[in-house]
Each structure stands twice: as C-alpha cells, then as structure tokens.
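The data block below is target_35.tsv; it holds TSV, C-alpha atoms.
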chain	number	residue	atom	x	y	z
A	1	THR	CA	110.67	81.93	157.38
A	2	PRO	CA	112.19	84.12	160.12
A	3	PRO	CA	109.96	86.70	161.84
A	4	VAL	CA	110.10	90.24	160.51
A	5	GLN	CA	110.22	93.12	163.01
A	6	GLY	CA	106.90	94.93	163.23
A	7	SER	CA	105.12	92.57	160.85
A	8	ALA	CA	101.74	91.10	161.72
A	9	PHE	CA	102.73	87.92	159.91
A	10	PRO	CA	106.08	86.16	160.47
A	11	GLY	CA	108.18	86.13	157.32
A	12	ALA	CA	106.05	88.69	155.51
A	13	ALA	CA	109.06	90.17	153.71
A	14	GLN	CA	110.80	87.11	152.37
A	15	ALA	CA	110.67	83.35	151.97
A	16	THR	CA	113.79	81.40	152.84
A	17	LEU	CA	114.82	78.20	151.10
A	18	ARG	CA	115.51	75.55	153.77
A	19	GLY	CA	116.44	72.75	151.40
A	20	HIS	CA	114.86	70.48	148.83
A	21	PHE	CA	113.98	66.82	148.43
A	22	ASN	CA	113.70	65.25	145.01
A	23	CYS	CA	113.70	61.56	144.08
A	24	MET	CA	112.58	58.99	141.56
A	25	VAL	CA	110.46	55.99	142.56
A	26	LYS	CA	110.35	52.54	141.00
A	27	PRO	CA	106.61	51.96	140.39
A	28	GLY	CA	106.75	48.14	140.25
A	29	VAL	CA	104.75	48.04	137.00
A	30	PRO	CA	105.70	49.00	133.41
A	31	VAL	CA	105.37	52.67	132.43
A	32	SER	CA	102.93	53.11	129.57
A	33	PRO	CA	104.03	54.82	126.33
A	34	GLY	CA	101.51	57.60	127.02
A	35	ALA	CA	102.98	58.34	130.44
A	36	SER	CA	106.51	58.25	129.00
A	37	SER	CA	105.61	60.76	126.31
A	38	VAL	CA	104.39	63.22	128.98
A	39	THR	CA	107.07	62.76	131.64
A	40	GLY	CA	110.05	61.48	129.66
A	41	LEU	CA	110.36	58.60	132.15
A	42	THR	CA	110.59	54.98	131.06
A	43	THR	CA	110.39	51.62	132.82
A	44	GLU	CA	114.13	51.09	132.31
A	45	MET	CA	114.99	54.46	133.85
A	46	LEU	CA	112.86	53.92	136.96
A	47	ASP	CA	113.89	50.30	137.54
A	48	ALA	CA	117.21	51.59	138.88
A	49	TYR	CA	115.54	53.44	141.78
A	50	PRO	CA	114.10	52.23	145.11
A	51	THR	CA	110.34	51.76	145.61
A	52	PHE	CA	108.07	54.06	147.63
A	53	GLN	CA	108.66	51.81	150.65
A	54	GLU	CA	112.16	53.32	150.89
A	55	GLN	CA	111.72	56.69	149.20
A	56	GLY	CA	108.58	57.48	151.20
A	57	ARG	CA	110.46	56.98	154.47
A	58	LEU	CA	113.28	59.22	153.25
A	59	PHE	CA	110.75	61.96	152.42
A	60	VAL	CA	109.11	61.73	155.86
A	61	ASP	CA	112.52	61.88	157.57
A	62	TRP	CA	113.51	64.93	155.48
A	63	ALA	CA	110.22	66.78	156.11
A	64	THR	CA	110.46	66.07	159.84
A	65	ARG	CA	114.03	67.38	160.04
A	66	VAL	CA	113.24	70.58	158.10
A	67	ALA	CA	110.21	71.28	160.30
A	68	VAL	CA	112.25	70.80	163.48
A	69	GLU	CA	115.14	72.94	162.25
A	70	SER	CA	112.71	75.68	161.22
A	71	GLY	CA	110.88	75.58	164.55
A	72	CYS	CA	107.62	74.99	162.71
A	73	ALA	CA	105.02	73.02	164.69
A	74	LYS	CA	102.42	73.08	161.88
A	75	PRO	CA	104.05	73.15	158.44
A	76	ILE	CA	101.92	74.06	155.44
A	77	LEU	CA	101.90	71.37	152.75
A	78	VAL	CA	101.30	73.02	149.38
A	79	ALA	CA	100.23	71.41	146.10
A	80	HIS	CA	98.34	72.52	143.00
A	81	ASN	CA	95.09	70.49	142.89
A	82	GLY	CA	96.32	68.88	146.11
A	83	ASN	CA	92.90	68.27	147.68
A	84	ARG	CA	91.82	66.05	144.82
A	85	PHE	CA	95.13	64.45	143.89
A	86	ASP	CA	98.45	64.94	145.74
A	87	PHE	CA	97.25	64.93	149.35
A	88	PRO	CA	94.98	61.83	149.28
A	89	LEU	CA	97.49	59.93	147.12
A	90	LEU	CA	100.37	60.75	149.49
A	91	ARG	CA	98.33	59.70	152.53
A	92	ASN	CA	97.17	56.53	150.77
A	93	GLU	CA	100.70	55.46	149.78
A	94	LEU	CA	102.04	56.13	153.27
A	95	THR	CA	99.23	54.01	154.74
A	96	ARG	CA	99.58	51.26	152.14
A	97	HIS	CA	103.31	50.92	152.87
A	98	GLU	CA	102.75	51.23	156.64
A	99	ILE	CA	104.98	54.30	156.93
A	100	ASP	CA	104.42	56.28	160.13
A	101	ALA	CA	104.27	59.96	159.13
A	102	PRO	CA	103.09	62.24	161.99
A	103	ILE	CA	104.67	65.24	160.25
A	104	VAL	CA	102.29	64.78	157.30
A	105	ASP	CA	99.26	64.49	159.58
A	106	GLN	CA	100.31	67.67	161.41
A	107	CYS	CA	100.51	69.70	158.21
A	108	ILE	CA	97.99	72.32	157.19
A	109	LEU	CA	97.00	71.51	153.60
A	110	PHE	CA	97.00	74.38	151.10
A	111	ASP	CA	95.58	73.66	147.64
A	112	THR	CA	96.78	76.50	145.41
A	113	LEU	CA	94.28	75.57	142.69
A	114	VAL	CA	91.45	76.46	145.08
A	115	TYR	CA	93.25	79.71	145.92
A	116	PHE	CA	93.79	80.83	142.31
A	117	ARG	CA	90.20	79.91	141.44
A	118	SER	CA	89.03	82.24	144.21
A	119	LEU	CA	90.75	85.25	142.63
A	120	PRO	CA	88.66	87.62	140.47
A	121	GLY	CA	88.94	87.56	136.70
A	122	ALA	CA	88.64	84.78	134.15
A	123	GLN	CA	91.87	82.88	133.62
A	124	SER	CA	93.22	79.40	133.09
A	125	ASN	CA	94.31	77.97	136.42
A	126	ARG	CA	96.60	75.28	135.03
A	127	LEU	CA	100.01	75.58	136.64
A	128	GLY	CA	101.85	76.15	133.35
A	129	ASP	CA	99.36	78.81	132.21
A	130	LEU	CA	99.56	80.65	135.55
A	131	TYR	CA	103.34	80.66	135.35
A	132	GLU	CA	103.43	81.98	131.78
A	133	ALA	CA	100.88	84.69	132.58
A	134	ARG	CA	102.97	85.82	135.57
A	135	PHE	CA	106.49	85.64	134.12
A	136	GLY	CA	105.87	85.94	130.39
A	137	ARG	CA	107.57	82.66	129.44
A	138	PRO	CA	106.68	78.95	129.53
A	139	MET	CA	107.68	76.94	132.56
A	140	SER	CA	110.64	74.70	131.78
A	141	ASN	CA	110.46	70.94	132.37
A	142	ALA	CA	106.74	70.91	133.14
A	143	HIS	CA	105.59	67.64	134.79
A	144	ASP	CA	109.00	67.23	136.39
A	145	ALA	CA	108.36	67.25	140.15
A	146	ARG	CA	111.14	69.67	141.06
A	147	ALA	CA	110.32	72.06	138.20
A	148	ASP	CA	106.63	72.03	139.11
A	149	VAL	CA	107.43	72.81	142.77
A	150	ALA	CA	109.79	75.62	141.72
A	151	GLY	CA	107.18	77.14	139.43
A	152	LEU	CA	104.45	76.85	142.04
A	153	ALA	CA	106.64	78.49	144.71
A	154	LYS	CA	107.41	81.41	142.43
A	155	ILE	CA	103.86	82.17	141.26
A	156	THR	CA	102.44	81.73	144.77
A	157	LEU	CA	104.96	83.76	146.77
A	158	SER	CA	105.95	86.48	144.32
A	159	SER	CA	104.05	89.67	143.63
A	160	ASP	CA	101.77	90.05	140.62
A	161	LYS	CA	104.47	92.16	138.94
A	162	PRO	CA	107.73	90.37	139.79
A	163	LEU	CA	110.90	92.37	140.37
A	164	ALA	CA	114.09	91.64	138.47
A	165	SER	CA	115.36	89.75	141.54
A	166	GLU	CA	112.50	87.32	141.18
A	167	GLN	CA	113.32	86.41	137.59
A	168	LEU	CA	115.08	83.15	138.40
A	169	ALA	CA	116.07	80.82	135.58
A	170	ASP	CA	114.14	77.55	135.83
A	171	GLU	CA	117.29	75.50	135.33
A	172	ASP	CA	119.02	77.16	138.31
A	173	ASP	CA	120.34	74.76	140.96
A	174	SER	CA	117.96	76.20	143.56
A	175	PRO	CA	114.22	75.71	143.04
A	176	VAL	CA	113.61	79.21	144.50
A	177	PRO	CA	116.11	81.97	145.29
A	178	GLU	CA	117.78	81.76	148.69
A	179	GLN	CA	115.86	84.90	149.58
A	180	LEU	CA	112.75	85.21	147.42
A	181	ALA	CA	111.41	88.74	147.78
A	182	ALA	CA	107.74	88.10	148.43
A	183	CYS	CA	104.99	90.69	148.31
A	184	GLN	CA	103.90	91.52	151.87
A	185	GLU	CA	100.27	91.93	150.87
A	186	ARG	CA	100.39	88.59	149.04
A	187	ILE	CA	101.70	86.83	152.16
A	188	LYS	CA	98.91	88.35	154.26
A	189	GLU	CA	96.37	87.25	151.67
A	190	LEU	CA	97.78	83.72	151.57
A	191	MET	CA	97.75	83.38	155.35
A	192	GLY	CA	94.18	84.64	155.49
A	193	PHE	CA	93.16	82.12	152.83
A	194	VAL	CA	94.92	79.23	154.59
A	195	SER	CA	93.32	80.15	157.93
A	196	THR	CA	89.84	79.75	156.42
A	197	LYS	CA	90.36	77.14	153.67
A	198	GLY	CA	93.30	75.11	154.97
A	199	ALA	CA	92.62	71.68	156.50
A	200	SER	CA	94.56	68.89	158.16
A	201	MET	CA	95.14	65.55	156.48
A	202	HIS	CA	92.74	63.88	158.93
A	203	GLU	CA	90.06	66.48	158.13
A	204	LEU	CA	90.51	66.00	154.38
A	205	VAL	CA	90.27	62.20	154.61
A	206	ALA	CA	87.30	62.42	157.01
A	207	SER	CA	85.56	64.94	154.76
A	208	SER	CA	86.07	62.72	151.70
A	209	GLN	CA	84.71	59.69	153.54
A	210	GLN	CA	81.76	61.62	154.98
A	211	ASP	CA	80.96	63.04	151.56
A	212	ALA	CA	81.05	59.55	150.04
A	213	ASN	CA	78.89	58.08	152.81
A	214	SER	CA	76.40	60.94	152.59
A	215	LYS	CA	76.01	60.53	148.84
A	216	SER	CA	75.71	56.77	149.01
A	217	SER	CA	72.94	57.00	151.64
A	218	LYS	CA	70.71	59.20	149.46
A	219	PRO	CA	68.66	57.28	146.85
A	220	ASN	CA	68.47	60.26	144.49
A	221	SER	CA	72.00	61.51	144.98
A	222	LYS	CA	74.56	61.83	142.21
A	223	TRP	CA	76.76	59.30	144.05
A	224	SER	CA	73.96	56.72	144.18
A	225	LYS	CA	73.08	57.16	140.53
A	226	ARG	CA	76.70	56.96	139.53
A	227	ASN	CA	77.27	53.65	141.24
A	228	LYS	CA	74.15	51.82	140.14
A	229	PRO	CA	74.81	48.79	137.91
A	230	THR	CA	73.49	50.79	134.94
A	231	GLN	CA	76.52	53.09	135.00
A	232	PRO	CA	79.63	52.09	133.00
A	233	LEU	CA	83.12	52.00	134.50
A	234	HIS	CA	85.84	54.22	133.04
A	235	LEU	CA	89.45	53.19	132.46
A	236	LEU	CA	91.64	56.24	133.21
A	237	PHE	CA	95.06	54.61	132.81
A	238	CYS	CA	96.65	51.27	131.92
A	239	SER	CA	100.35	50.60	132.53
A	240	CYS	CA	100.91	48.24	129.59
A	241	ASN	CA	99.10	46.71	126.63
A	242	SER	CA	101.36	43.78	125.75
A	243	GLY	CA	103.36	41.01	127.41
A	244	SER	CA	104.74	37.49	127.37
A	245	CYS	CA	102.68	34.55	126.07
A	246	ALA	CA	103.79	32.67	129.18
A	247	GLY	CA	101.74	35.05	131.31
A	248	GLY	CA	102.77	36.68	134.56
A	249	THR	CA	103.08	40.20	133.10
A	250	PRO	CA	102.13	42.75	135.81
A	251	VAL	CA	99.48	45.31	134.80
A	252	GLN	CA	98.21	48.28	136.78
A	253	CYS	CA	94.98	50.05	135.86
A	254	VAL	CA	93.25	53.12	137.27
A	255	VAL	CA	89.46	52.71	137.09
A	256	GLN	CA	86.79	55.25	137.96
A	257	GLY	CA	83.40	54.16	139.28
A	258	LEU	CA	84.26	50.84	140.95
A	259	GLU	CA	82.36	50.02	144.12
A	260	PRO	CA	84.63	49.72	147.20
A	261	VAL	CA	84.67	45.92	146.95
A	262	SER	CA	87.39	43.51	148.01
A	263	ALA	CA	89.89	42.10	145.54
A	264	LYS	CA	88.07	38.75	145.69
A	265	ALA	CA	84.85	40.34	144.41
A	266	LEU	CA	86.57	41.91	141.41
A	267	ASN	CA	86.33	40.27	137.98
A	268	ILE	CA	89.12	40.61	135.42
A	269	GLN	CA	88.21	38.61	132.35
A	270	VAL	CA	90.59	37.97	129.45
A	271	GLU	CA	88.84	36.99	126.22
A	272	SER	CA	90.40	35.72	123.03
A	273	PRO	CA	88.01	36.17	120.07
A	274	SER	CA	87.42	33.05	117.97
A	275	SER	CA	88.37	33.21	114.30
A	276	LYS	CA	85.13	31.41	113.43
A	277	PRO	CA	81.85	33.31	113.98
A	278	SER	CA	80.05	30.11	115.02
A	279	LYS	CA	82.38	29.51	117.95
A	280	SER	CA	82.29	31.38	121.24
A	281	THR	CA	85.22	33.32	122.58
A	282	LYS	CA	87.81	31.71	124.85
A	283	SER	CA	88.09	33.36	128.25
A	284	SER	CA	90.32	33.17	131.33
A	285	SER	CA	90.78	35.24	134.46
A	286	ALA	CA	93.67	37.42	135.60
A	287	ALA	CA	94.96	37.13	139.17
A	288	VAL	CA	94.30	40.29	141.23
A	289	LYS	CA	97.34	41.20	143.34
A	290	ASP	CA	96.20	44.48	144.85
A	291	LEU	CA	93.12	46.71	144.90
A	292	CYS	CA	93.31	50.19	146.36
A	293	HIS	CA	90.41	52.69	146.51
A	294	VAL	CA	91.35	56.38	146.66
A	295	PRO	CA	88.48	58.68	147.77
A	296	LEU	CA	88.62	62.26	146.54
A	297	ALA	CA	86.83	65.26	147.99
A	298	GLY	CA	83.58	65.98	146.17
A	299	ASP	CA	83.98	63.04	143.84
A	300	SER	CA	83.76	59.25	143.84
A	301	GLY	CA	87.53	58.91	143.55
A	302	PHE	CA	89.13	56.04	141.70
A	303	SER	CA	90.57	52.58	142.19
A	304	VAL	CA	94.06	51.29	141.42
A	305	VAL	CA	93.92	47.65	140.33
A	306	THR	CA	97.12	45.59	140.07
A	307	PHE	CA	96.97	42.13	138.48
A	308	THR	CA	99.02	39.64	136.47
A	309	MET	CA	98.01	38.40	133.04
A	310	PRO	CA	97.37	34.67	132.49
A	311	PRO	CA	99.13	32.74	129.68
A	312	GLY	CA	97.74	33.36	126.21
A	313	THR	CA	98.36	34.11	122.56
A	314	GLY	CA	97.45	36.75	120.04
A	315	HIS	CA	95.09	39.66	120.53
A	316	VAL	CA	92.73	39.65	123.54
A	317	ASN	CA	90.28	41.97	125.26
A	318	VAL	CA	90.52	42.57	129.01
A	319	SER	CA	87.40	43.52	131.01
A	320	ILE	CA	87.42	44.86	134.59
A	321	PHE	CA	84.12	44.94	136.48
A	322	ASP	CA	82.49	44.35	139.88
A	323	ASP	CA	78.92	43.10	140.27
A	324	ARG	CA	77.55	45.09	137.35
A	325	PRO	CA	76.88	43.60	133.90
A	326	LYS	CA	79.96	42.87	131.82
A	327	ASN	CA	78.89	45.25	129.08
A	328	LEU	CA	79.52	48.10	131.58
A	329	ALA	CA	83.09	46.97	132.31
A	330	ALA	CA	86.23	49.04	131.86
A	331	GLN	CA	88.03	47.46	128.89
A	332	PHE	CA	91.30	47.60	127.02
A	333	ALA	CA	93.05	45.64	124.26
A	334	TYR	CA	96.12	43.51	125.04
A	335	ASP	CA	98.58	41.71	122.78
A	336	TYR	CA	100.65	38.65	123.69
A	337	ASN	CA	104.09	38.74	122.09

Go ahead and render the structure in this file as structure tokens.
Amino acid sequence: TPPVQGSAFPGAAQATLRGHFNCMVKPGVPVSPGASSVTGLTTEMLDAYPTFQEQGRLFVDWATRVAVESGCAKPILVAHNGNRFDFPLLRNELTRHEIDAPIVDQCILFDTLVYFRSLPGAQSNRLGDLYEARFGRPMSNAHDARADVAGLAKITLSSDKPLASEQLADEDDSPVPEQLAACQERIKELMGFVSTKGASMHELVASSQQDANSKSSKPNSKWSKRNKPTQPLHLLFCSCNSGSCAGGTPVQCVVQGLEPVSAKALNIQVESPSSKPSKSTKSSSAAVKDLCHVPLAGDSGFSVVTFTMPPGTGHVNVSIFDDRPKNLAAQFAYDYN
C-alpha cells in the first residue's frame, strides 16, 4: 500500500490490489469422495494440472515479483488458522520439493484466527461465519482458495460497518476492490497486533519443534502421555478406499499421533478376513513410498503417509501403526474391484 500523508502507518487509508495468484495442483493420489463433496474437485479434474513441484515455484516467483514491485522488504503472509495449518504445510511442501523460497522465509506471519479470537465478545470465528456476520450474507464458493482469500481480505481490512463501496460481489473478477476503503483505526489495530503476535516462518517452525521437544522430555507432559504405546492412532483422512486387484493403487493417509519414525519403521498391514472362523486371517504388507511429519504449534501435528496397495481380492482391513500394539493402529476398510 502507498504511504498516506500525515499517517502514522503507511497505507492507513486504503489497501491496493497488486495482483492475484490462483492455481490448481495435481495431488498425485486419488481425491476421496468426502473431499470432493466439500471442494467440488475430483481426481479427473486435477489430473490435468501440474504438481506442486511446478506450481510451488510459480507461486514463489509471483510472490517475489509482487514484493519487489511494491518495495516491501518484509511482506505479511496472512491466513486464517495459518499457524496450525497453512504456514507449516506451505513450508513443508516447499522443503519436500526442494524449492528455494527466501520470500516466504522473510514474511511476517499473521494468523487472522488468533486475531479474531483476541477480540471481545463471544462469536464463531470460522471464516464463513465471520463473513456473514460482517456483510449479512453467506460467503460464495467457500473452500475455494480464491474465494476464501477474497472473503478474508474483506473482513480483515474493512471497517466493522462496511460502506456501500465495500460491498463487492464475491463473483467479481477482482478478489478485493482496486481501492478497498479500509478503516484507519482497524489498520492501526492490525499493525499493532502483528507487531506483537506476528512471527517469521523460521520462528514458527523453531517454536513448533521446541514445543514438541519440551513436551517429549517431560515424563508427565501431555505430549509424553499422548505418544505412549497405550494411546491409539487416529486416521484423519484417506484418499481412497478401493482399487485394482492387481495392486499398485496409490493411497495417501493423514494420521495423528504417529511417532516421528522413518518409513522403514512404519507398519502397514493388509488383512483379508477368512470366511471360516477356524482359520486365521490372511495378511500382507503395503509398500511405503513417503512419510512426512508435519509439526504444528501447540499440538503433536500429524503425519502424511503415502503407500501402494499390494495385490488382493475382496474386502480387506488396512492397519497403520508404528511400534505400538496393532490394536491401537489407525484403520480403514478397503475393497479390491
């Protein structure tokens, strides 16, 4: 934003749209029916797009160019629930794909969920609820990246009682107006919040790691109790529940509670129940292709496990576990077709 004459904070009168970046990414694994029902995206739709290896580099190049053109040495990266989700996931994917991104590391991180939670009064802090409370209508295309960013920009930068000029249609070509009239007091408040609560990407990652190490070193800590073999694992997401009898179907699972072990120490057991009670179940192992641990601030984080199914037939049960007993494994049902 350009400086405003006589203002203590540059750009206190307006926010200027410098451009936008929006893309689809081929995930490399099937999209589950549950995810498709929320986002409207399917495996077939995303297969036509490049992977994060390419799209991530395009994003970094775009962010770098916008920062240079704006003369901004320390951009502010904004996301709703960013400290626990967007920021560590972005940093993890950039690292996993070996994408050099100094612009991301230079950013000051601003989690708007933390900001809205700090405001007085009881309210729902979900992005859609905040938008509806502010503008009196539901946010269009929720869960679409561009629509979410547009909604977040409007509820964060606009005044509590928006002017008519701020009533931008969600389907407009621009995610925010070219000149969004922002409340001067709101800008001052935001800058004050960012100056005390904002952090760099390095600080967030270091804080998450320090928090995890601190908890794991205390025998009576919540972290220690949570990761003892007596605690069950939790399956948060599974990309697909069926595949070819010939095997080789890629599956990606998000598991909470796994110890930070190597892929070799991970067990993925596929069991086919016997039709006769007297006979034991038939079991085989799935081949682990990738294991990625994502630490989150104030929490144990989660692990993304990518593997391929072995050949099989019929209905089977899949168990994912580390060195804890199998009855504490994360499990899901799978059908060969």

Env of segment 114-125 of chain A: 9 Å cut, atoms = only C-alpha atoms, seq-sep filter 6 positions within chain, self excluded. Answer as a PDB file with C-alpha atoms, keeping the file's coordinate frame.
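Produced file selection25.pdb, reproduced below:
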ATOM      1  CA  HIS A  80      98.340  72.520 143.000  1.00  0.00           C
ATOM      2  CA  ASN A  81      95.090  70.490 142.890  1.00  0.00           C
ATOM      3  CA  ASN A  83      92.900  68.270 147.680  1.00  0.00           C
ATOM      4  CA  LEU A 190      97.780  83.720 151.570  1.00  0.00           C
ATOM      5  CA  PHE A 193      93.160  82.120 152.830  1.00  0.00           C
ATOM      6  CA  VAL A 194      94.920  79.230 154.590  1.00  0.00           C
ATOM      7  CA  LYS A 197      90.360  77.140 153.670  1.00  0.00           C
TER       8      LYS A 197
END

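One distance worth recording is that between atom CA of Gln53 of chain A and atom CA of Ala286 of chain A, which is 25.7 Å.
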
- Task: Grab the atom CA of Val255 of chain A to atom CA of His234 of chain A distance for me, in Å with one decimal place.
- Result: 5.6 Å

- State, in Å with one decimal place, the distance from atom CA of Asp86 of chain A to atom CA of Gly34 of chain A. 20.3 Å

May I have the residues within 12 Å of Pro311 of chain A as a tab-separated table (two decimals) with C-alpha atoms, keeping the file's coordinate frame, using only C-alpha atoms and disregarding those fewer than 2 positions away in the same chain?
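Result file is part.tsv:
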chain	number	residue	atom	x	y	z
A	242	SER	CA	101.36	43.78	125.75
A	243	GLY	CA	103.36	41.01	127.41
A	244	SER	CA	104.74	37.49	127.37
A	245	CYS	CA	102.68	34.55	126.07
A	246	ALA	CA	103.79	32.67	129.18
A	247	GLY	CA	101.74	35.05	131.31
A	248	GLY	CA	102.77	36.68	134.56
A	249	THR	CA	103.08	40.20	133.10
A	270	VAL	CA	90.59	37.97	129.45
A	271	GLU	CA	88.84	36.99	126.22
A	272	SER	CA	90.40	35.72	123.03
A	283	SER	CA	88.09	33.36	128.25
A	284	SER	CA	90.32	33.17	131.33
A	285	SER	CA	90.78	35.24	134.46
A	286	ALA	CA	93.67	37.42	135.60
A	287	ALA	CA	94.96	37.13	139.17
A	308	THR	CA	99.02	39.64	136.47
A	309	MET	CA	98.01	38.40	133.04
A	313	THR	CA	98.36	34.11	122.56
A	314	GLY	CA	97.45	36.75	120.04
A	316	VAL	CA	92.73	39.65	123.54
A	335	ASP	CA	98.58	41.71	122.78
A	336	TYR	CA	100.65	38.65	123.69
A	337	ASN	CA	104.09	38.74	122.09
